[in-house]
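**Q** Input file: target.tsv. Contents: TSV, C-alpha atoms.
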```tsv
chain	number	residue	atom	x	y	z
A	1	MET	CA	10.51	-4.86	61.12
A	2	GLU	CA	13.33	-7.17	62.20
A	3	LEU	CA	15.93	-7.70	59.51
A	4	ASN	CA	16.75	-11.33	58.72
A	5	PHE	CA	20.55	-11.30	58.49
A	6	HIS	CA	20.65	-14.75	56.89
A	7	HIS	CA	18.56	-13.43	54.02
A	8	LEU	CA	20.68	-10.28	53.82
A	9	TYR	CA	23.85	-12.37	53.60
A	10	TYR	CA	22.36	-14.53	50.85
A	11	PHE	CA	21.48	-11.36	48.90
A	12	TYR	CA	25.05	-10.06	49.47
A	13	VAL	CA	26.61	-13.25	48.08
A	14	ILE	CA	24.24	-13.30	45.08
A	15	ALA	CA	25.23	-9.70	44.29
A	16	LYS	CA	28.96	-10.50	44.59
A	17	GLU	CA	28.74	-13.67	42.50
A	18	GLY	CA	26.43	-12.18	39.88
A	19	SER	CA	24.01	-15.11	39.74
A	20	ILE	CA	21.89	-17.34	41.96
A	21	ALA	CA	23.57	-20.46	40.54
A	22	LYS	CA	27.09	-19.32	41.51
A	23	ALA	CA	25.90	-18.06	44.90
A	24	ALA	CA	24.14	-21.38	45.60
A	25	GLU	CA	27.36	-23.25	44.80
A	26	ARG	CA	29.39	-21.02	47.11
A	27	LEU	CA	26.83	-21.22	49.92
A	28	ARG	CA	26.25	-24.94	49.36
A	29	ILE	CA	22.48	-24.65	49.33
A	30	GLY	CA	19.93	-25.36	46.61
A	31	GLN	CA	19.00	-22.74	44.04
A	32	PRO	CA	15.23	-22.96	44.77
A	33	THR	CA	15.90	-22.37	48.49
A	34	LEU	CA	18.13	-19.39	47.71
A	35	SER	CA	15.57	-17.89	45.30
A	36	THR	CA	12.83	-18.26	47.89
A	37	GLN	CA	14.84	-16.54	50.61
A	38	LEU	CA	15.77	-13.69	48.27
A	39	LYS	CA	12.06	-13.18	47.51
A	40	GLN	CA	11.33	-13.18	51.24
A	41	LEU	CA	13.93	-10.43	51.77
A	42	GLU	CA	12.50	-8.38	48.90
A	43	GLY	CA	9.00	-8.89	50.30
A	44	SER	CA	10.01	-7.73	53.78
A	45	LEU	CA	11.76	-4.65	52.35
A	46	GLY	CA	9.00	-3.90	49.86
A	47	LYS	CA	11.57	-3.43	47.07
A	48	GLU	CA	12.93	-5.49	44.20
A	49	LEU	CA	16.69	-5.80	44.65
A	50	PHE	CA	17.54	-7.24	41.23
A	51	GLU	CA	16.49	-6.72	37.63
A	52	ARG	CA	16.78	-9.48	35.03
A	53	ARG	CA	18.35	-8.33	31.77
A	54	LYS	CA	19.60	-10.70	29.07
A	55	GLN	CA	19.23	-13.67	31.46
A	56	ARG	CA	21.54	-12.02	34.00
A	57	LEU	CA	20.89	-10.43	37.36
A	58	HIS	CA	21.63	-6.73	37.78
A	59	LEU	CA	21.21	-4.74	40.97
A	60	SER	CA	18.27	-2.35	40.93
A	61	GLU	CA	18.69	1.14	42.42
A	62	SER	CA	17.30	-0.21	45.70
A	63	GLY	CA	19.60	-3.22	45.39
A	64	LYS	CA	22.67	-1.00	44.97
A	65	LEU	CA	21.77	0.87	48.15
A	66	ALA	CA	21.10	-2.37	50.05
A	67	TYR	CA	24.40	-3.81	48.83
A	68	GLN	CA	26.35	-0.82	50.18
A	69	TYR	CA	24.83	-1.31	53.62
A	70	ALA	CA	25.26	-5.10	53.50
A	71	GLU	CA	28.94	-4.72	52.61
A	72	GLN	CA	29.50	-2.48	55.64
A	73	VAL	CA	27.61	-4.90	57.91
A	74	PHE	CA	29.61	-7.96	56.89
A	75	ASN	CA	32.97	-6.17	56.72
A	76	LEU	CA	32.37	-4.95	60.25
A	77	GLY	CA	31.43	-8.49	61.31
A	78	SER	CA	34.68	-9.87	59.83
A	79	GLU	CA	36.61	-7.14	61.61
A	80	MET	CA	34.98	-8.05	64.94
A	81	VAL	CA	35.87	-11.74	64.55
A	82	GLU	CA	39.47	-10.86	63.66
A	83	VAL	CA	39.80	-8.61	66.70
A	84	LEU	CA	38.28	-11.13	69.11
A	85	GLN	CA	40.03	-14.24	67.78
A	86	GLU	CA	43.48	-12.89	66.95
A	87	ARG	CA	44.02	-10.01	69.31
A	88	LEU	CA	42.49	-11.35	72.48
A	89	THR	CA	43.69	-14.94	72.43
A	90	ASN	CA	47.41	-14.22	72.80
A	91	ASN	CA	47.42	-10.54	73.83
A	92	ARG	CA	49.43	-9.84	70.69
A	93	VAL	CA	48.20	-7.44	68.04
A	94	HIS	CA	48.32	-8.92	64.54
A	95	VAL	CA	49.27	-6.44	61.81
A	96	GLN	CA	48.72	-7.36	58.16
A	97	ILE	CA	50.76	-5.34	55.67
A	98	GLY	CA	50.32	-5.38	51.91
A	99	ALA	CA	53.25	-4.28	49.75
A	100	LEU	CA	53.59	-3.76	46.01
A	101	ASP	CA	56.29	-5.76	44.26
A	102	SER	CA	57.93	-2.45	43.35
A	103	VAL	CA	58.47	-1.35	46.97
A	104	PRO	CA	62.09	-1.95	48.04
A	105	LYS	CA	62.42	-4.82	50.52
A	106	SER	CA	64.48	-2.59	52.82
A	107	ILE	CA	61.47	-0.25	53.20
A	108	ILE	CA	59.19	-3.20	54.01
A	109	LEU	CA	61.74	-4.40	56.59
A	110	LYS	CA	61.96	-0.96	58.22
A	111	THR	CA	58.17	-0.77	58.46
A	112	ILE	CA	58.02	-4.19	60.13
A	113	MET	CA	60.74	-3.24	62.61
A	114	GLN	CA	58.89	0.00	63.41
A	115	ALA	CA	55.76	-2.05	64.12
A	116	TYR	CA	57.65	-4.25	66.59
A	117	LYS	CA	58.92	-1.15	68.40
A	118	MET	CA	55.39	0.14	68.83
A	119	GLY	CA	54.03	-2.81	70.78
A	120	ASN	CA	53.65	-6.55	71.23
A	121	CYS	CA	52.62	-7.67	67.75
A	122	SER	CA	52.96	-10.25	65.00
A	123	VAL	CA	53.23	-9.22	61.36
A	124	SER	CA	52.05	-10.76	58.10
A	125	VAL	CA	53.21	-9.42	54.73
A	126	LEU	CA	51.25	-9.92	51.51
A	127	GLU	CA	52.84	-8.87	48.21
A	128	GLY	CA	50.92	-8.36	45.00
A	129	ASP	CA	49.62	-5.81	42.48
A	130	GLY	CA	48.11	-2.49	43.46
A	131	GLY	CA	44.52	-3.14	42.44
A	132	GLN	CA	44.28	-6.40	44.34
A	133	LEU	CA	45.93	-5.04	47.48
A	134	LEU	CA	43.79	-1.89	47.46
A	135	ARG	CA	40.67	-4.06	47.41
A	136	GLU	CA	42.09	-6.12	50.30
A	137	LEU	CA	42.71	-2.89	52.23
A	138	ALA	CA	39.20	-1.56	51.60
A	139	ALA	CA	37.73	-4.91	52.72
A	140	HIS	CA	39.85	-4.83	55.93
A	141	LYS	CA	41.74	-7.99	54.96
A	142	ILE	CA	44.99	-6.08	55.40
A	143	ASP	CA	45.66	-3.19	57.78
A	144	LEU	CA	48.24	-1.20	55.83
A	145	LEU	CA	49.42	-0.86	52.25
A	146	LEU	CA	52.92	0.12	51.10
A	147	ALA	CA	52.99	1.50	47.56
A	148	ASN	CA	55.20	3.65	45.36
A	149	TYR	CA	52.28	5.93	44.45
A	150	PRO	CA	49.36	7.40	46.45
A	151	PRO	CA	46.58	4.76	46.40
A	152	GLN	CA	43.40	6.11	44.82
A	153	GLN	CA	39.94	4.90	45.81
A	154	ASP	CA	37.10	6.29	47.91
A	155	ALA	CA	38.68	9.36	49.52
A	156	LYS	CA	36.39	8.95	52.53
A	157	SER	CA	37.64	5.48	53.42
A	158	ILE	CA	41.30	5.31	52.30
A	159	PHE	CA	43.96	7.48	53.91
A	160	SER	CA	47.57	7.69	52.71
A	161	LYS	CA	50.74	9.63	53.43
A	162	PRO	CA	54.24	9.73	51.89
A	163	ILE	CA	56.78	8.10	54.19
A	164	ALA	CA	59.97	8.14	52.12
A	165	LYS	CA	61.48	10.07	49.22
A	166	LEU	CA	64.30	8.02	47.73
A	167	LYS	CA	66.92	9.27	45.27
A	168	VAL	CA	67.10	7.33	42.02
A	169	VAL	CA	70.34	6.15	40.44
A	170	VAL	CA	71.19	4.20	37.31
A	171	CYS	CA	72.78	0.83	38.16
A	172	ALA	CA	74.28	-1.72	35.83
A	173	ALA	CA	76.45	-4.80	35.58
A	174	PRO	CA	80.20	-4.02	35.78
A	175	LYS	CA	80.60	-4.40	32.01
A	176	PHE	CA	78.86	-1.02	31.63
A	177	LYS	CA	81.40	0.83	33.84
A	178	ASP	CA	82.63	3.05	30.98
A	179	LEU	CA	79.20	4.76	30.96
A	180	LYS	CA	80.17	6.59	34.16
A	181	LYS	CA	82.06	9.02	31.93
A	182	ASN	CA	79.94	11.85	30.57
A	183	PHE	CA	76.89	10.73	32.59
A	184	PRO	CA	73.97	11.19	31.84
A	185	LYS	CA	74.68	11.84	28.13
A	186	SER	CA	76.38	8.43	28.05
A	187	LEU	CA	72.94	6.84	28.49
A	188	GLU	CA	72.00	7.73	24.91
A	189	GLY	CA	70.90	4.59	23.02
A	190	GLN	CA	71.67	2.24	25.93
A	191	PRO	CA	69.41	-0.73	26.86
A	192	PHE	CA	67.15	-0.04	29.85
A	193	ILE	CA	64.99	-2.13	32.18
A	194	ILE	CA	62.27	0.27	33.27
A	195	PRO	CA	59.17	0.23	35.50
A	196	THR	CA	55.75	-0.46	33.97
A	197	VAL	CA	53.51	2.38	32.75
A	198	HIS	CA	51.36	2.67	35.89
A	199	SER	CA	54.43	3.56	37.97
A	200	HIS	CA	55.00	7.15	39.10
A	201	LEU	CA	58.75	6.57	38.59
A	202	ARG	CA	58.12	5.65	34.94
A	203	ARG	CA	56.60	9.09	34.34
A	204	GLU	CA	59.49	10.75	36.19
A	205	LEU	CA	62.00	8.92	34.00
A	206	GLU	CA	60.24	9.76	30.75
A	207	HIS	CA	60.19	13.43	31.75
A	208	TYR	CA	63.89	13.33	32.71
A	209	PHE	CA	64.94	11.73	29.42
A	210	LYS	CA	62.84	14.19	27.43
A	211	MET	CA	64.24	17.24	29.23
A	212	ASN	CA	67.81	15.98	28.79
A	213	GLU	CA	67.22	14.90	25.16
A	214	ILE	CA	68.27	11.32	25.88
A	215	ARG	CA	66.80	8.42	23.89
A	216	VAL	CA	67.10	5.00	25.50
A	217	ASP	CA	66.48	1.48	24.22
A	218	GLN	CA	63.75	-0.14	26.33
A	219	THR	CA	64.65	-3.84	26.43
A	220	ALA	CA	62.39	-4.87	29.31
A	221	GLU	CA	59.82	-3.49	31.74
A	222	THR	CA	58.69	-4.85	35.09
A	223	GLN	CA	57.13	-3.57	38.30
A	224	ASP	CA	58.98	-6.18	40.38
A	225	THR	CA	62.11	-4.59	41.84
A	226	SER	CA	63.70	-7.97	42.58
A	227	LEU	CA	63.31	-9.07	38.95
A	228	GLN	CA	64.66	-5.74	37.76
A	229	LEU	CA	67.80	-6.29	39.85
A	230	LEU	CA	68.25	-9.85	38.57
A	231	LEU	CA	67.99	-8.70	34.95
A	232	GLY	CA	70.48	-5.94	35.70
A	233	GLN	CA	73.00	-8.42	37.12
A	234	GLU	CA	72.69	-10.49	33.95
A	235	GLY	CA	73.62	-7.46	31.89
A	236	VAL	CA	70.27	-7.25	30.09
A	237	GLY	CA	70.20	-3.50	30.58
A	238	LEU	CA	70.63	-0.49	32.84
A	239	ILE	CA	68.37	-0.09	35.89
A	240	PRO	CA	66.92	3.24	37.06
A	241	ILE	CA	66.14	2.40	40.68
A	242	ALA	CA	66.06	3.79	44.21
A	243	GLU	CA	69.61	3.40	45.47
A	244	VAL	CA	68.44	1.83	48.74
A	245	ALA	CA	66.85	-1.04	46.77
A	246	ALA	CA	70.18	-1.98	45.17
A	247	GLN	CA	72.56	-1.26	48.07
A	248	ASP	CA	73.32	-4.91	48.92
A	249	LEU	CA	74.24	-5.78	45.34
A	250	ILE	CA	76.31	-2.61	45.07
A	251	LYS	CA	78.26	-3.62	48.19
A	252	GLU	CA	78.82	-7.07	46.69
A	253	LYS	CA	80.00	-5.37	43.46
A	254	LYS	CA	77.45	-7.29	41.41
A	255	LEU	CA	76.06	-3.93	40.33
A	256	ILE	CA	77.73	-0.55	39.98
A	257	VAL	CA	76.23	2.95	40.16
A	258	LEU	CA	76.72	4.87	36.92
A	259	GLY	CA	75.27	8.09	38.31
A	260	GLU	CA	72.36	9.79	40.05
A	261	LEU	CA	69.35	11.10	38.13
A	262	GLU	CA	69.10	14.56	39.66
A	263	GLY	CA	65.55	15.63	40.45
A	264	VAL	CA	64.14	12.10	40.05
A	265	TYR	CA	62.78	10.44	43.17
A	266	GLU	CA	60.88	7.29	44.14
A	267	GLU	CA	58.19	8.14	46.69
A	268	ILE	CA	56.86	5.46	49.03
A	269	TRP	CA	53.35	5.80	50.47
A	270	LEU	CA	51.65	4.16	53.44
A	271	ALA	CA	47.86	3.75	53.32
A	272	SER	CA	45.17	2.56	55.70
A	273	ALA	CA	41.39	2.21	55.56
A	274	SER	CA	38.81	3.72	57.87
A	275	ARG	CA	37.69	1.16	60.46
A	276	LYS	CA	35.23	1.10	63.34
A	277	ILE	CA	37.78	-0.76	65.46
A	278	GLU	CA	41.31	0.48	64.80
A	279	ASN	CA	44.33	-1.77	64.78
A	280	PRO	CA	46.40	0.07	67.42
A	281	ILE	CA	49.79	-0.71	65.85
A	282	ALA	CA	48.61	0.26	62.36
A	283	ALA	CA	47.18	3.50	63.77
A	284	LYS	CA	50.53	4.34	65.42
A	285	LEU	CA	52.39	3.66	62.18
A	286	MET	CA	50.07	5.98	60.27
A	287	LYS	CA	50.69	8.78	62.79
A	288	ALA	CA	54.44	8.30	63.21
A	289	VAL	CA	57.30	9.81	61.23
A	290	LEU	CA	58.82	6.58	59.92
A	291	TYR	CA	61.82	7.68	57.87
```
When written as structure tokens, how does the structure in this file appear?
**A**
Amino acid sequence: MELNFHHLYYFYVIAKEGSIAKAAERLRIGQPTLSTQLKQLEGSLGKELFERRKQRLHLSESGKLAYQYAEQVFNLGSEMVEVLQERLTNNRVHVQIGALDSVPKSIILKTIMQAYKMGNCSVSVLEGDGGQLLRELAAHKIDLLLANYPPQQDAKSIFSKPIAKLKVVVCAAPKFKDLKKNFPKSLEGQPFIIPTVHSHLRRELEHYFKMNEIRVDQTAETQDTSLQLLLGQEGVGLIPIAEVAAQDLIKEKKLIVLGELEGVYEEIWLASASRKIENPIAAKLMKAVLY
């Protein structure tokens, strides 16, 4: 039996969109035509790929298996097009890096500069939230992911390693300078701008405050390091942050360091996804000692 890849792609889009109507709109073909071609695929395979429940389509057990294979087929096809179009037209390897908002910009910069040292390449950087970027990595839409926690997904397809362990300090606007005395006990009852709950650093901080019997006043929380720094400059609260992320503002005296949180660190991780055709620069970055 020869597999009709047009029919397989139509099935793949229907499964992703969740309905024939939405898939027909995306594919710009009529619903009757799409339904017919789905039936032809099911007929050739001898299996029903969908079940109708409550007027919605749900993948059958055979459909779930077919979807897994279809996803690999079309991800590999996208990878081939990217390699041929981007890497062979100008002899320059294109590296796409995703980075969480919470990763210090200096770490992103160092990673980019390391990529340039490893070969003739161009670099794109996409910032966003962890869930979105992890899906982009798994779908091969980005080559690498920088995060401040080890990305968790299918252990067989996602690989990660720690690349930096950064000491954490408490920074603040100059008006808080008196809190340097008797640090860290001076933090008791002070306003804090802290990372969101999914952050590894958030858990580290909560443990530190508990062990040192310090209660703080949480005035704001954000995963965006840049926003955290801006709020700190405005005097909204104290910032527990990797010192490297605040070094420019410290040099400009817009922020001051009140003290170091001993035993608290911000870890940065680099992740990649298993691919049939490796991005050579991304592969070198995953193997190298970066920091």
**Q** Can you pull out every residue within 6 Å of Leu145 in chain A, counting all atoms listed in the file, but drop anything in the same chain fewer than 6 positions away, and send it as JSON, numbers by chain?
**A** {"A": [97, 98, 99, 270, 271]}
**Q** Can you tell me, as a list in words, what residues are no more than 7 Å from range 33-39 of chain A when counting all atoms listed in the file, ignoring any on the same chain fewer than 6 positions away?
**A** His7, Phe11 and Ala24 of chain A
**Q** Using only C-alpha atoms, which residues sit within 9 Å of Gly130 in chain A once same-chain residues fewer than 2 positions away are excluded, as a list in words?
**A**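 Skipping anything fewer than 2 positions along the chain leaves Ala99, Leu100, Asp101, Gly128, Gln132, Leu133, Leu134, Arg135, Ala147 and Pro151 of chain A.
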**Q** What is the distance between CA of Val264 in chain A and CA of Leu201 in chain A, in Å to one decimal?
**A**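 Computed distance, CA of Val264 in chain A to CA of Leu201 in chain A, equals 7.9 Å.
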**Q** Compile the contact shell of Leu45 in chain A as a list in words: residues with an atom at most 12 Å away, counting all atoms listed in the file, same-chain residues fewer than 5 positions apart removed.
**A**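 After dropping sequence-adjacent residues, the list is Met1, Glu2, Leu3, Asn4, His7, Leu8, Leu38, Lys39, Gln40, Ser62, Gly63 and Ala66 of chain A.
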**Q** Identify which of the residues A:Ser19, A:Asn212, A:Gln247, A:Gln152 lies closest to Gly263 in chain A, counting only C-alpha atoms when measuring atom-to-atom distances.
**A**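 Checking each candidate against Gly263 in chain A, we get A:Asn212 as the closest.
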**Q** Taking all atoms listed in the file into account, name the residue in A:Glu25, A:Glu204, A:Glu71, A:Asp248 that is nearest to Tyr265 in chain A.
**A**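 Smallest separation from Tyr265 in chain A among the options: A:Glu204.
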**Q** Could you check the closest approach to Lys47 in chain A for each of A:Tyr10, A:Lys185, A:Leu65, A:Gln31 and tell me which residue wins, using all atoms listed in the file?
**A**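 Checking each candidate against Lys47 in chain A, we get A:Leu65 as the closest.
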